[in-house]
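Enquirer: Okay, so here is query.txt, and as you'll see once you scroll down, it has compact mmCIF, C-alpha atoms and all ligand atoms.
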```
# COMPACT_ATOMS: atom_id res chain seq x y z
CA MET H 122 -79.59 -51.12 23.10
CA SER H 123 -78.47 -54.66 22.35
CA PHE H 124 -80.35 -56.30 19.53
CA ASP H 125 -81.62 -59.84 19.63
CA PHE H 126 -80.47 -60.92 16.18
CA ALA H 127 -82.18 -63.66 14.22
CA ALA H 128 -80.35 -66.97 14.40
CA ARG H 129 -80.36 -67.29 10.61
CA VAL H 130 -78.26 -64.14 10.22
CA GLU H 131 -75.89 -65.10 13.02
CA ARG H 132 -75.29 -68.45 11.30
CA VAL H 133 -73.47 -66.87 8.36
CA GLU H 134 -70.30 -64.87 7.76
CA PRO H 135 -69.99 -61.90 5.42
CA SER H 136 -69.10 -62.82 1.82
CA ALA H 137 -65.36 -63.62 1.83
CA THR H 138 -64.93 -62.52 -1.78
CA LEU H 139 -66.45 -59.13 -1.09
CA ALA H 140 -64.71 -58.79 2.31
CA ILE H 141 -61.26 -59.19 0.73
CA SER H 142 -62.04 -56.86 -2.08
CA ASN H 143 -63.18 -54.31 0.52
CA LYS H 144 -59.87 -54.79 2.36
CA ALA H 145 -58.01 -54.18 -0.92
CA SER H 146 -60.02 -50.99 -1.46
CA GLU H 147 -59.18 -49.81 2.08
CA LEU H 148 -55.45 -50.32 1.48
CA GLU H 149 -55.77 -48.50 -1.84
CA ALA H 150 -57.48 -45.60 -0.09
CA ASP H 151 -54.37 -45.43 2.14
CA GLY H 152 -52.24 -45.05 -0.98
CA VAL H 153 -51.09 -48.69 -1.28
CA ASP H 154 -50.89 -50.08 -4.82
CA VAL H 155 -52.77 -53.38 -4.49
CA VAL H 156 -53.04 -55.90 -7.31
CA ASP H 157 -56.58 -56.98 -6.60
CA LEU H 158 -57.17 -60.51 -7.88
CA SER H 159 -59.86 -61.18 -5.30
CA VAL H 160 -63.29 -60.30 -6.59
CA GLY H 161 -64.58 -62.03 -9.71
CA GLU H 162 -65.44 -59.11 -11.91
CA PRO H 163 -64.58 -58.58 -15.59
CA ASP H 164 -62.30 -55.54 -15.90
CA PHE H 165 -63.78 -54.41 -19.23
CA PRO H 166 -66.24 -51.56 -19.58
CA THR H 167 -69.80 -52.62 -20.34
CA PRO H 168 -70.07 -52.75 -24.16
CA GLU H 169 -71.10 -49.42 -25.63
CA ASN H 170 -74.34 -50.61 -27.27
CA ILE H 171 -75.60 -51.83 -23.87
CA VAL H 172 -74.73 -48.56 -22.14
CA GLU H 173 -76.50 -46.65 -24.92
CA ALA H 174 -79.58 -48.86 -24.61
CA GLY H 175 -79.67 -48.16 -20.87
CA LYS H 176 -79.41 -44.40 -21.43
CA ASP H 177 -82.01 -44.47 -24.19
CA ALA H 178 -84.37 -46.38 -21.92
CA MET H 179 -83.95 -43.74 -19.22
CA ASP H 180 -84.53 -40.96 -21.74
CA ALA H 181 -87.63 -42.78 -22.97
CA GLY H 182 -89.00 -42.73 -19.44
CA HIS H 183 -88.49 -46.38 -18.48
CA THR H 184 -87.92 -45.39 -14.89
CA GLY H 185 -90.94 -46.77 -13.06
CA TYR H 186 -91.68 -50.22 -11.70
CA THR H 187 -91.99 -53.01 -14.23
CA PRO H 188 -94.13 -56.15 -13.94
CA SER H 189 -92.60 -57.93 -10.97
CA ASN H 190 -91.18 -60.86 -12.93
CA GLY H 191 -89.67 -58.61 -15.60
CA ILE H 192 -90.56 -56.82 -18.82
CA PRO H 193 -92.24 -59.18 -21.31
CA ASP H 194 -89.67 -58.61 -24.10
CA LEU H 195 -86.74 -59.53 -21.88
CA ARG H 196 -88.47 -62.59 -20.44
CA ALA H 197 -89.27 -63.70 -24.00
CA ALA H 198 -85.66 -63.12 -25.14
CA ILE H 199 -84.36 -65.10 -22.15
CA ALA H 200 -86.76 -67.96 -22.86
CA GLU H 201 -85.61 -67.98 -26.49
CA LYS H 202 -81.95 -68.03 -25.43
CA LEU H 203 -82.66 -70.95 -23.11
CA ARG H 204 -84.44 -72.81 -25.89
CA ASN H 205 -81.31 -72.33 -28.03
CA ASP H 206 -79.41 -74.04 -25.20
CA GLY H 207 -81.81 -77.00 -25.46
CA ILE H 208 -83.94 -76.08 -22.46
CA ASP H 209 -87.69 -76.30 -22.95
CA ALA H 210 -88.48 -72.76 -21.75
CA VAL H 211 -91.31 -70.25 -22.04
CA SER H 212 -91.46 -66.67 -20.72
CA GLU H 213 -93.82 -67.59 -17.89
CA GLU H 214 -91.07 -69.76 -16.39
CA VAL H 215 -88.60 -66.88 -16.06
CA ILE H 216 -88.12 -64.30 -13.31
CA VAL H 217 -85.77 -61.41 -14.07
CA THR H 218 -83.84 -60.53 -10.92
CA PRO H 219 -81.39 -57.87 -9.73
CA GLY H 220 -78.36 -60.14 -10.28
CA GLY H 221 -77.93 -63.88 -10.41
CA LYS H 222 -77.34 -63.79 -6.67
CA GLN H 223 -80.91 -62.74 -6.01
CA ALA H 224 -82.10 -65.49 -8.37
CA LEU H 225 -80.18 -68.02 -6.29
CA TYR H 226 -81.38 -66.52 -3.02
CA GLU H 227 -85.01 -66.76 -4.09
CA THR H 228 -84.49 -70.38 -5.16
CA PHE H 229 -82.99 -71.41 -1.83
CA GLN H 230 -85.69 -69.58 0.10
CA THR H 231 -88.38 -71.19 -2.01
CA LEU H 232 -87.14 -74.77 -1.73
CA ILE H 233 -85.28 -75.19 1.53
CA ASP H 234 -86.95 -75.67 4.91
CA ASP H 235 -85.19 -76.14 8.24
CA GLY H 236 -83.06 -79.27 8.11
CA ASP H 237 -83.43 -79.93 4.37
CA GLU H 238 -80.26 -81.35 2.86
CA VAL H 239 -78.33 -79.33 0.29
CA VAL H 240 -75.39 -80.98 -1.51
CA LEU H 241 -72.50 -78.79 -2.69
CA LEU H 242 -69.52 -79.69 -4.85
CA ASP H 243 -66.38 -78.32 -3.21
CA PRO H 244 -64.78 -76.00 -3.82
CA ALA H 245 -68.10 -74.18 -4.10
CA TRP H 246 -68.73 -70.47 -4.55
CA VAL H 247 -68.97 -68.78 -1.15
CA SER H 248 -72.59 -67.71 -1.28
CA TYR H 249 -74.10 -71.18 -1.79
CA GLU H 250 -73.21 -72.19 1.76
CA ALA H 251 -74.50 -68.91 3.15
CA MET H 252 -77.75 -69.13 1.21
CA ALA H 253 -78.29 -72.72 2.32
CA LYS H 254 -77.70 -71.74 5.95
CA LEU H 255 -79.91 -68.65 5.71
CA SER H 256 -82.76 -70.86 4.59
CA GLY H 257 -82.12 -73.36 7.40
CA GLY H 258 -80.67 -76.11 5.20
CA SER H 259 -78.11 -78.63 6.32
CA LEU H 260 -75.04 -79.06 4.12
CA SER H 261 -73.43 -82.13 2.70
CA ARG H 262 -70.25 -81.53 0.67
CA VAL H 263 -68.44 -83.56 -1.96
CA ASP H 264 -64.76 -82.72 -2.40
CA LEU H 265 -63.58 -82.41 -6.01
CA ALA H 266 -60.05 -81.27 -5.04
CA PRO H 267 -58.60 -84.82 -5.14
CA TYR H 268 -59.83 -85.11 -8.75
CA ASP H 269 -58.22 -81.96 -10.14
CA PHE H 270 -61.59 -80.28 -9.56
CA GLN H 271 -63.36 -82.44 -12.16
CA LEU H 272 -66.78 -83.91 -11.44
CA GLU H 273 -66.73 -87.06 -13.57
CA PRO H 274 -64.15 -88.92 -11.44
CA ALA H 275 -66.06 -87.85 -8.31
CA LEU H 276 -69.40 -89.35 -9.33
CA ASP H 277 -69.00 -92.30 -6.96
CA ASP H 278 -68.43 -89.87 -4.09
CA LEU H 279 -71.45 -87.88 -5.20
CA SER H 280 -73.61 -90.99 -5.26
CA GLU H 281 -72.66 -91.59 -1.61
CA ALA H 282 -73.70 -88.05 -0.71
CA VAL H 283 -77.00 -87.92 -2.60
CA SER H 284 -79.90 -89.89 -1.14
CA ASP H 285 -83.68 -89.76 -0.90
CA ASP H 286 -83.12 -87.25 1.91
CA THR H 287 -81.42 -84.79 -0.43
CA GLU H 288 -83.57 -81.83 -1.38
CA LEU H 289 -81.21 -79.81 -3.54
CA LEU H 290 -77.91 -80.25 -5.38
CA VAL H 291 -75.99 -77.23 -6.67
CA VAL H 292 -73.94 -77.54 -9.86
CA ASN H 293 -71.90 -74.63 -11.19
CA SER H 294 -70.22 -75.21 -14.52
CA PRO H 295 -68.04 -73.42 -15.56
CA SER H 296 -67.09 -73.32 -11.92
CA ASN H 297 -66.25 -70.49 -9.60
CA PRO H 298 -63.60 -70.92 -8.09
CA THR H 299 -61.88 -73.59 -10.22
CA GLY H 300 -62.79 -72.74 -13.82
CA ALA H 301 -63.68 -76.40 -14.39
CA VAL H 302 -66.26 -77.14 -17.09
CA TYR H 303 -67.92 -80.45 -16.30
CA SER H 304 -68.09 -83.11 -19.01
CA ASP H 305 -71.35 -84.36 -20.48
CA ALA H 306 -70.70 -87.72 -18.80
CA ALA H 307 -70.43 -85.92 -15.44
CA LEU H 308 -73.69 -84.05 -16.01
CA GLU H 309 -75.41 -87.26 -17.09
CA GLY H 310 -74.19 -88.82 -13.85
CA VAL H 311 -75.78 -85.92 -11.95
CA ARG H 312 -78.98 -86.43 -13.92
CA ASP H 313 -79.12 -90.13 -13.10
CA LEU H 314 -78.70 -89.46 -9.38
CA ALA H 315 -81.20 -86.60 -9.39
CA VAL H 316 -83.82 -88.71 -11.12
CA GLU H 317 -83.17 -91.77 -8.94
CA HIS H 318 -83.50 -89.80 -5.70
CA ASP H 319 -85.99 -87.18 -6.87
CA VAL H 320 -83.66 -84.26 -6.23
CA THR H 321 -83.96 -80.69 -7.52
CA VAL H 322 -80.77 -79.37 -9.11
CA ILE H 323 -79.66 -75.77 -9.38
CA SER H 324 -77.55 -75.30 -12.49
CA ASP H 325 -75.70 -72.01 -12.05
CA GLU H 326 -74.58 -71.16 -15.58
CA ILE H 327 -73.40 -67.61 -14.97
CA TYR H 328 -70.01 -68.30 -16.61
CA GLN H 329 -71.58 -70.09 -19.59
CA GLU H 330 -70.30 -67.56 -22.13
CA ILE H 331 -66.75 -67.73 -20.80
CA THR H 332 -65.31 -71.04 -21.98
CA TYR H 333 -62.16 -71.85 -23.89
CA GLY H 334 -62.53 -74.38 -26.68
CA VAL H 335 -65.36 -76.33 -25.05
CA GLU H 336 -69.13 -75.96 -25.29
CA PRO H 337 -70.77 -76.15 -21.88
CA THR H 338 -73.92 -78.26 -21.71
CA SER H 339 -76.96 -76.89 -19.90
CA LEU H 340 -78.07 -79.43 -17.32
CA GLY H 341 -81.72 -78.57 -17.93
CA SER H 342 -81.38 -79.73 -21.55
CA LEU H 343 -80.71 -83.36 -20.55
CA ASP H 344 -83.49 -85.92 -20.76
CA GLY H 345 -85.25 -86.19 -17.44
CA MET H 346 -84.00 -82.83 -16.13
CA SER H 347 -86.53 -80.31 -17.44
CA ASP H 348 -88.94 -80.72 -14.52
CA ARG H 349 -86.24 -80.71 -11.80
CA THR H 350 -83.68 -78.11 -12.94
CA VAL H 351 -83.49 -74.52 -11.79
CA THR H 352 -81.27 -72.67 -14.26
CA ILE H 353 -79.57 -69.53 -12.98
CA ASN H 354 -77.84 -67.06 -15.23
CA GLY H 355 -77.06 -63.37 -15.42
CA PHE H 356 -75.49 -60.50 -17.27
CA SER H 357 -72.63 -59.63 -14.87
CA LYS H 358 -69.95 -61.87 -16.29
CA ALA H 359 -70.89 -62.43 -19.94
CA TYR H 360 -71.46 -58.73 -20.67
CA SER H 361 -69.32 -57.13 -17.97
CA MET H 362 -72.39 -55.70 -16.24
CA THR H 363 -71.66 -56.48 -12.57
CA GLY H 364 -72.85 -53.13 -11.25
CA TRP H 365 -76.04 -53.09 -13.30
CA ARG H 366 -77.37 -56.02 -11.24
CA LEU H 367 -79.28 -58.18 -13.68
CA GLY H 368 -79.85 -61.92 -13.71
CA TYR H 369 -82.60 -64.49 -13.98
CA VAL H 370 -83.98 -67.80 -12.88
CA HIS H 371 -85.73 -70.34 -15.05
CA ALA H 372 -87.64 -73.26 -13.53
CA PRO H 373 -90.93 -75.13 -13.93
CA GLU H 374 -93.84 -72.74 -13.52
CA SER H 375 -94.96 -74.29 -10.22
CA LEU H 376 -91.63 -73.27 -8.66
CA ILE H 377 -91.57 -69.88 -10.38
CA SER H 378 -95.00 -68.96 -9.02
CA GLN H 379 -93.79 -69.63 -5.47
CA ALA H 380 -90.48 -67.78 -5.96
CA ALA H 381 -92.39 -64.89 -7.55
CA LYS H 382 -94.07 -64.24 -4.18
CA LEU H 383 -90.68 -63.70 -2.54
CA HIS H 384 -89.56 -61.61 -5.47
CA SER H 385 -92.59 -59.32 -5.33
CA HIS H 386 -92.36 -58.89 -1.56
CA SER H 387 -88.62 -58.18 -1.53
CA VAL H 388 -87.17 -56.45 -4.60
CA SER H 389 -90.49 -55.78 -6.44
CA CYS H 390 -88.70 -55.96 -9.79
CA ALA H 391 -85.29 -55.55 -11.41
CA VAL H 392 -84.44 -51.97 -12.41
CA ASN H 393 -86.54 -50.91 -15.36
CA PHE H 394 -83.96 -49.31 -17.69
CA VAL H 395 -81.43 -52.00 -16.78
CA GLN H 396 -83.84 -54.61 -18.10
CA HIS H 397 -83.97 -52.72 -21.42
CA ALA H 398 -80.17 -52.69 -21.51
CA GLY H 399 -80.23 -56.42 -20.81
CA LEU H 400 -82.47 -56.99 -23.81
CA GLU H 401 -79.91 -55.21 -26.00
CA ALA H 402 -77.15 -57.34 -24.43
CA ILE H 403 -78.90 -60.59 -25.28
CA GLU H 404 -79.89 -59.53 -28.77
CA ASN H 405 -76.85 -57.64 -30.08
CA THR H 406 -73.65 -58.22 -28.15
CA ASP H 407 -71.98 -61.33 -29.56
CA GLU H 408 -68.78 -59.66 -30.77
CA ALA H 409 -67.85 -58.03 -27.46
CA VAL H 410 -68.48 -61.32 -25.65
CA VAL H 411 -66.02 -63.09 -27.96
CA GLU H 412 -63.41 -60.36 -27.51
CA MET H 413 -63.60 -60.60 -23.71
CA ARG H 414 -63.48 -64.38 -23.84
CA ASP H 415 -60.36 -64.31 -26.03
CA ALA H 416 -58.67 -61.88 -23.65
CA PHE H 417 -59.46 -64.06 -20.62
CA ARG H 418 -58.06 -67.09 -22.38
CA GLU H 419 -54.77 -65.31 -23.16
CA ARG H 420 -54.49 -64.18 -19.56
CA ARG H 421 -55.19 -67.65 -18.22
CA ASP H 422 -52.47 -69.15 -20.41
CA MET H 423 -50.00 -66.41 -19.56
CA LEU H 424 -50.62 -66.71 -15.83
CA ALA H 425 -50.32 -70.49 -15.83
CA ASP H 426 -47.01 -70.17 -17.72
CA LEU H 427 -45.72 -67.60 -15.24
CA PHE H 428 -46.56 -69.83 -12.28
CA GLU H 429 -44.94 -72.75 -14.04
CA GLU H 430 -41.75 -70.72 -14.49
CA HIS H 431 -41.76 -70.38 -10.70
CA GLY H 432 -42.21 -74.12 -10.29
CA VAL H 433 -45.90 -73.92 -9.34
CA ASP H 434 -48.24 -76.25 -11.19
CA VAL H 435 -51.73 -74.74 -11.17
CA PRO H 436 -54.70 -76.83 -12.33
CA ILE H 437 -56.40 -74.76 -15.01
CA GLY H 438 -59.99 -75.08 -16.12
CA ASP H 439 -61.63 -74.48 -19.48
CA GLY H 440 -63.87 -71.69 -18.31
CA ALA H 441 -64.66 -68.70 -16.06
CA PHE H 442 -61.71 -66.49 -15.02
CA TYR H 443 -60.46 -68.19 -11.88
CA MET H 444 -57.71 -70.54 -10.91
CA MET H 445 -56.87 -72.19 -7.63
CA LEU H 446 -53.23 -71.66 -6.69
CA PRO H 447 -51.93 -74.37 -4.36
CA VAL H 448 -50.57 -72.61 -1.25
CA ASP H 449 -49.74 -73.49 2.37
CA ASP H 450 -52.17 -75.56 4.39
CA ASP H 451 -53.07 -72.38 6.24
CA ASP H 452 -54.47 -70.61 3.22
CA GLN H 453 -56.09 -67.89 5.33
CA GLU H 454 -52.73 -66.89 6.74
CA TRP H 455 -51.17 -67.13 3.26
CA CYS H 456 -53.80 -64.79 1.79
CA ALA H 457 -53.59 -62.36 4.72
CA GLY H 458 -49.80 -62.29 4.31
CA ALA H 459 -49.95 -61.94 0.53
CA ILE H 460 -52.13 -58.85 0.77
CA GLU H 461 -50.15 -57.28 3.64
CA ASP H 462 -46.64 -58.01 2.35
CA ALA H 463 -46.91 -58.37 -1.40
CA HIS H 464 -50.06 -56.28 -1.79
CA VAL H 465 -51.67 -58.99 -3.87
CA ALA H 466 -55.29 -59.75 -2.97
CA THR H 467 -56.62 -63.30 -3.39
CA VAL H 468 -59.35 -65.31 -1.66
CA PRO H 469 -58.53 -68.26 0.64
CA GLY H 470 -59.66 -71.63 -0.71
CA SER H 471 -61.18 -72.43 2.67
CA ALA H 472 -63.87 -69.81 1.98
CA PHE H 473 -64.97 -72.18 -0.82
CA GLY H 474 -64.61 -75.30 1.32
CA SER H 475 -61.10 -76.16 -0.02
CA PRO H 476 -58.23 -75.18 2.27
CA GLY H 477 -54.70 -75.18 0.86
CA TYR H 478 -55.49 -72.99 -2.13
CA ALA H 479 -55.85 -69.32 -2.94
CA ARG H 480 -58.38 -68.34 -5.58
CA ILE H 481 -57.05 -65.99 -8.20
CA SER H 482 -59.38 -64.04 -10.42
CA TYR H 483 -57.46 -63.36 -13.62
CA ALA H 484 -59.95 -60.74 -14.79
CA ALA H 485 -57.11 -58.21 -14.70
CA SER H 486 -54.69 -56.84 -17.30
CA GLU H 487 -51.68 -58.92 -18.33
CA GLU H 488 -49.45 -56.23 -16.85
CA ARG H 489 -51.14 -56.48 -13.44
CA LEU H 490 -51.07 -60.27 -13.53
CA ARG H 491 -47.31 -60.19 -14.25
CA GLU H 492 -46.86 -57.71 -11.43
CA ALA H 493 -48.79 -60.00 -9.06
CA VAL H 494 -46.61 -63.02 -9.83
CA GLU H 495 -43.42 -60.94 -9.48
CA ARG H 496 -44.54 -59.62 -6.12
CA LEU H 497 -45.57 -63.04 -4.83
CA ALA H 498 -42.19 -64.44 -5.88
CA GLU H 499 -40.26 -61.50 -4.43
CA HIS H 500 -41.96 -61.98 -1.05
CA ASP H 501 -41.52 -65.77 -1.15
CA TYR H 502 -45.21 -66.59 -1.46
CA ILE H 503 -44.47 -68.81 -4.46
N1 LIG H 601 -72.98 -67.46 -9.27
C1 LIG H 601 -71.64 -67.48 -9.24
C2 LIG H 601 -70.94 -68.79 -9.32
C3 LIG H 601 -70.91 -66.30 -9.14
O1 LIG H 601 -69.58 -66.34 -9.13
C4 LIG H 601 -71.59 -65.09 -9.04
C5 LIG H 601 -70.72 -63.87 -8.87
N2 LIG H 601 -71.15 -62.80 -8.37
C6 LIG H 601 -72.99 -65.12 -9.07
C7 LIG H 601 -73.65 -66.32 -9.18
C8 LIG H 601 -73.86 -63.90 -8.97
O2 LIG H 601 -73.50 -62.86 -9.80
P1 LIG H 601 -74.44 -61.60 -10.00
O3 LIG H 601 -75.28 -61.46 -8.80
O4 LIG H 601 -73.50 -60.46 -10.18
O5 LIG H 601 -75.25 -61.89 -11.23
N1 LIG H 602 -68.95 -63.91 -7.78
C1 LIG H 602 -67.83 -63.04 -7.69
C2 LIG H 602 -66.74 -63.67 -6.86
O1 LIG H 602 -66.84 -64.80 -6.51
C3 LIG H 602 -68.24 -61.67 -7.22
C4 LIG H 602 -68.33 -61.48 -5.73
C5 LIG H 602 -69.46 -62.24 -5.14
O2 LIG H 602 -70.58 -61.95 -5.48
O3 LIG H 602 -69.13 -63.14 -4.37
O4 LIG H 602 -65.77 -63.05 -6.57
```
Taking this structure as input, can you express it in the form of structure tokens?
Ligand code: PMP
Ligand code: GLU
Expert:
Amino acid sequence: MSFDFAARVERVEPSATLAISNKASELEADGVDVVDLSVGEPDFPTPENIVEAGKDAMDAGHTGYTPSNGIPDLRAAIAEKLRNDGIDAVSEEVIVTPGGKQALYETFQTLIDDGDEVVLLDPAWVSYEAMAKLSGGSLSRVDLAPYDFQLEPALDDLSEAVSDDTELLVVNSPSNPTGAVYSDAALEGVRDLAVEHDVTVISDEIYQEITYGVEPTSLGSLDGMSDRTVTINGFSKAYSMTGWRLGYVHAPESLISQAAKLHSHSVSCAVNFVQHAGLEAIENTDEAVVEMRDAFRERRDMLADLFEEHGVDVPIGDGAFYMMLPVDDDDQEWCAGAIEDAHVATVPGSAFGSPGYARISYAASEERLREAVERLAEHDYI
């Protein structure tokens, strides 16, 4: 039988980040040694205390459904964490989700109707575009590439893109895929535009714990932003918990009560014992977070030096674990070639709205990063 698929699904492509990582896994299954710098996933094991807390929670019988929006202790701990970031938060304004991705998905579905305008800052993480399209939104994009991926020098461009017709603006600092951490002046510029044009802003802070020598500001902590900011965060990156699937959304209660309907009708709740592990992560995992952050910083510096030795100047950011390597105009062909010939997996910049770059995730060992650069050089990709 031929199915009559819904237009919203036909509008989007599969996630490019996950598609390339799948391709790398396929090659590996055929015995090829691939240096996989495609998917953004910390390569450290989940810290022991978190794993133990998850096991203990299972042993204690925390295996049934939880309240749909999350267990009270975790919601309270999240609200407290947000208050420490300067956001005026209470538990009732938090939904605990299976991953930050679900938190974003619920936000888009809650706010965006057919034709509503969503503004993205390019390069933008692949799933924002897909989520906007799935909810029927129309996209307007502001290119940060001419400004070394910084937002502050692009504020004039942003002010051209944002108008009274704009429903939603998505800000992701530290940024995937550039690693850029936006300055306070940049965020204040966003605030001024959002207030002037009555725009809701998603602040995706999933890389908040991974910054190098700078303190990221939470957009929702700025004057005028508390009633128009949706803060997204999660446990995948900070605590190396990608497979546990745990994240959250914080927003004014009026928005949360609408999103909660979607949440209850789709996922019901995040996994019970995972939520208990998440509580342990928030309360007791500072040291491991610092260790991972220090390791990422060393890798970033080493990788930038290696590229420089090969005459490639890569703009590096102060956060996350990504960098955008300038490549040929046809970045898709470059990435396809790099994986086939050099067996190095990266993601084309065009998947993020910025052709001419390949995104590298440096969440890999120094040895593998060195190997990647050697292979790319050997096969004339740099
Ligand atoms: N936001 C950004 C910018 C990301 O890179 C990711 C990566 N997966 C997510 C949200 C969602 O992560 P998760 O669903 O694993 O919490
Ligand atoms: N966010 C990570 C990345 O960009 C994980 C994969 C995904 O969810 O897209 O690679």
Enquirer: Take every atom of ligand LIG 601 (chain H) listed in the file, pad by 6 Å on each side, and give me the axis-aligned box centre and edge lengths in Å, one decimal, as JSON.
Expert:
```
{"center_x": -72.4, "center_y": -64.6, "center_z": -9.8, "size_x": 17.7, "size_y": 20.3, "size_z": 14.9}
```
Enquirer: So, counting all atoms listed in the file, which residue among H:Ser259, H:Ser324, H:Thr138, H:Thr218 is closest to Ala372 (chain H)?
Expert: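 Comparing H:Ser259, H:Ser324, H:Thr138, H:Thr218 against Ala372 (chain H), the winner is H:Ser324.
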Enquirer: Just give me the residues with any atom within 12 Å of (-60.9, -72.2, 7.7), file coordinates, counting only C-alpha atoms, written as a VMD selection string.
Expert: chain H and resid 134 137 450 to 456 468 to 478
Enquirer: Which protein, DNA or RNA residues have an atom within 6 Å of ligand LIG 602 (chain H), counting all atoms listed in the file, as a PyMOL selection string?
Expert: chain H and resi 138-139+160-161
Enquirer: Output the neighbourhood of ligand LIG 601 (chain H) as a compact mmCIF listing (two decimals) with C-alpha atoms, keeping the file's coordinate frame, that is, all protein and nucleic acid residues with some atom at most 10 Å from the ligand, counting only C-alpha atoms and all ligand atoms.
Expert:
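Done, and the output landed in pocket_16.txt:
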```
# COMPACT_ATOMS: atom_id res chain seq x y z
CA THR H 138 -64.93 -62.52 -1.78
CA LEU H 139 -66.45 -59.13 -1.09
CA VAL H 160 -63.29 -60.30 -6.59
CA GLY H 161 -64.58 -62.03 -9.71
CA GLU H 162 -65.44 -59.11 -11.91
CA THR H 218 -83.84 -60.53 -10.92
CA PRO H 219 -81.39 -57.87 -9.73
CA GLY H 220 -78.36 -60.14 -10.28
CA GLY H 221 -77.93 -63.88 -10.41
CA LYS H 222 -77.34 -63.79 -6.67
CA GLN H 223 -80.91 -62.74 -6.01
CA ALA H 224 -82.10 -65.49 -8.37
CA LEU H 225 -80.18 -68.02 -6.29
CA TYR H 226 -81.38 -66.52 -3.02
CA ALA H 245 -68.10 -74.18 -4.10
CA TRP H 246 -68.73 -70.47 -4.55
CA VAL H 247 -68.97 -68.78 -1.15
CA SER H 248 -72.59 -67.71 -1.28
CA TYR H 249 -74.10 -71.18 -1.79
CA VAL H 292 -73.94 -77.54 -9.86
CA ASN H 293 -71.90 -74.63 -11.19
CA SER H 294 -70.22 -75.21 -14.52
CA PRO H 295 -68.04 -73.42 -15.56
CA SER H 296 -67.09 -73.32 -11.92
CA ASN H 297 -66.25 -70.49 -9.60
CA PRO H 298 -63.60 -70.92 -8.09
CA SER H 324 -77.55 -75.30 -12.49
CA ASP H 325 -75.70 -72.01 -12.05
CA GLU H 326 -74.58 -71.16 -15.58
CA ILE H 327 -73.40 -67.61 -14.97
CA TYR H 328 -70.01 -68.30 -16.61
CA ILE H 353 -79.57 -69.53 -12.98
CA ASN H 354 -77.84 -67.06 -15.23
CA GLY H 355 -77.06 -63.37 -15.42
CA PHE H 356 -75.49 -60.50 -17.27
CA SER H 357 -72.63 -59.63 -14.87
CA LYS H 358 -69.95 -61.87 -16.29
CA ALA H 359 -70.89 -62.43 -19.94
CA SER H 361 -69.32 -57.13 -17.97
CA MET H 362 -72.39 -55.70 -16.24
CA THR H 363 -71.66 -56.48 -12.57
CA GLY H 364 -72.85 -53.13 -11.25
CA TRP H 365 -76.04 -53.09 -13.30
CA ARG H 366 -77.37 -56.02 -11.24
CA LEU H 367 -79.28 -58.18 -13.68
CA GLY H 368 -79.85 -61.92 -13.71
CA TYR H 369 -82.60 -64.49 -13.98
CA ALA H 441 -64.66 -68.70 -16.06
CA PHE H 442 -61.71 -66.49 -15.02
CA TYR H 443 -60.46 -68.19 -11.88
```
Enquirer: Just the number, please: distance in Å from CA of Asp319 (chain H) to CA of Leu376 (chain H), one decimal.
Expert: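 These two atoms are separated by 15.1 Å.
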Enquirer: Between H:Leu289, H:Ala251, H:Ile192, H:Ile437, which one has atoms that come closest to Asp237 (chain H), using only C-alpha atoms?
Expert: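 Among the listed residues, H:Leu289 lies closest to Asp237 (chain H).
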Enquirer: For Asp407 (chain H), list every protein, DNA or RNA residue within 10 Å, evaluated using all atoms listed in the file, and leave out those in the same chain fewer than 4 positions away; present the list as a count of residues only.
Expert: 7
Enquirer: Which neighbours of Val239 (chain H) fall inside 12 Å, counting all atoms listed in the file, when residues of the same chain fewer than 6 positions from it are skipped, and could you give them as a compact mmCIF listing (two decimals) with C-alpha atoms, keeping the file's coordinate frame?
Expert:
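After the write, part_4.txt holds the following:
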```txt
# COMPACT_ATOMS: atom_id res chain seq x y z
CA PHE H 229 -82.99 -71.41 -1.83
CA LEU H 232 -87.14 -74.77 -1.73
CA ILE H 233 -85.28 -75.19 1.53
CA TYR H 249 -74.10 -71.18 -1.79
CA GLU H 250 -73.21 -72.19 1.76
CA ALA H 251 -74.50 -68.91 3.15
CA MET H 252 -77.75 -69.13 1.21
CA ALA H 253 -78.29 -72.72 2.32
CA LYS H 254 -77.70 -71.74 5.95
CA SER H 256 -82.76 -70.86 4.59
CA GLY H 257 -82.12 -73.36 7.40
CA GLY H 258 -80.67 -76.11 5.20
CA SER H 259 -78.11 -78.63 6.32
CA LEU H 260 -75.04 -79.06 4.12
CA SER H 261 -73.43 -82.13 2.70
CA ARG H 262 -70.25 -81.53 0.67
CA VAL H 263 -68.44 -83.56 -1.96
CA ALA H 282 -73.70 -88.05 -0.71
CA VAL H 283 -77.00 -87.92 -2.60
CA SER H 284 -79.90 -89.89 -1.14
CA ASP H 285 -83.68 -89.76 -0.90
CA ASP H 286 -83.12 -87.25 1.91
CA THR H 287 -81.42 -84.79 -0.43
CA GLU H 288 -83.57 -81.83 -1.38
CA LEU H 289 -81.21 -79.81 -3.54
CA LEU H 290 -77.91 -80.25 -5.38
CA VAL H 291 -75.99 -77.23 -6.67
CA VAL H 292 -73.94 -77.54 -9.86
CA VAL H 320 -83.66 -84.26 -6.23
CA THR H 321 -83.96 -80.69 -7.52
CA VAL H 322 -80.77 -79.37 -9.11
CA ILE H 323 -79.66 -75.77 -9.38
```
Enquirer: Taking 5 positions as the minimum chain separation for residues in the same chain, which residues sit within 10 Å of Ser304 (chain H) when counting only C-alpha atoms? Answer as an MDAnalysis selection string.
Expert: chainID H and resid 271:273 294 309:310 335:338
Enquirer: List the neighbours of region 185-187 of chain H out to 12 Å using all atoms listed in the file; skip same-chain residues closer than 5 positions along the sequence, and give me the result as a ChimeraX atom specification.
Expert: /H:178-179,192-196,216-218,385,388-397
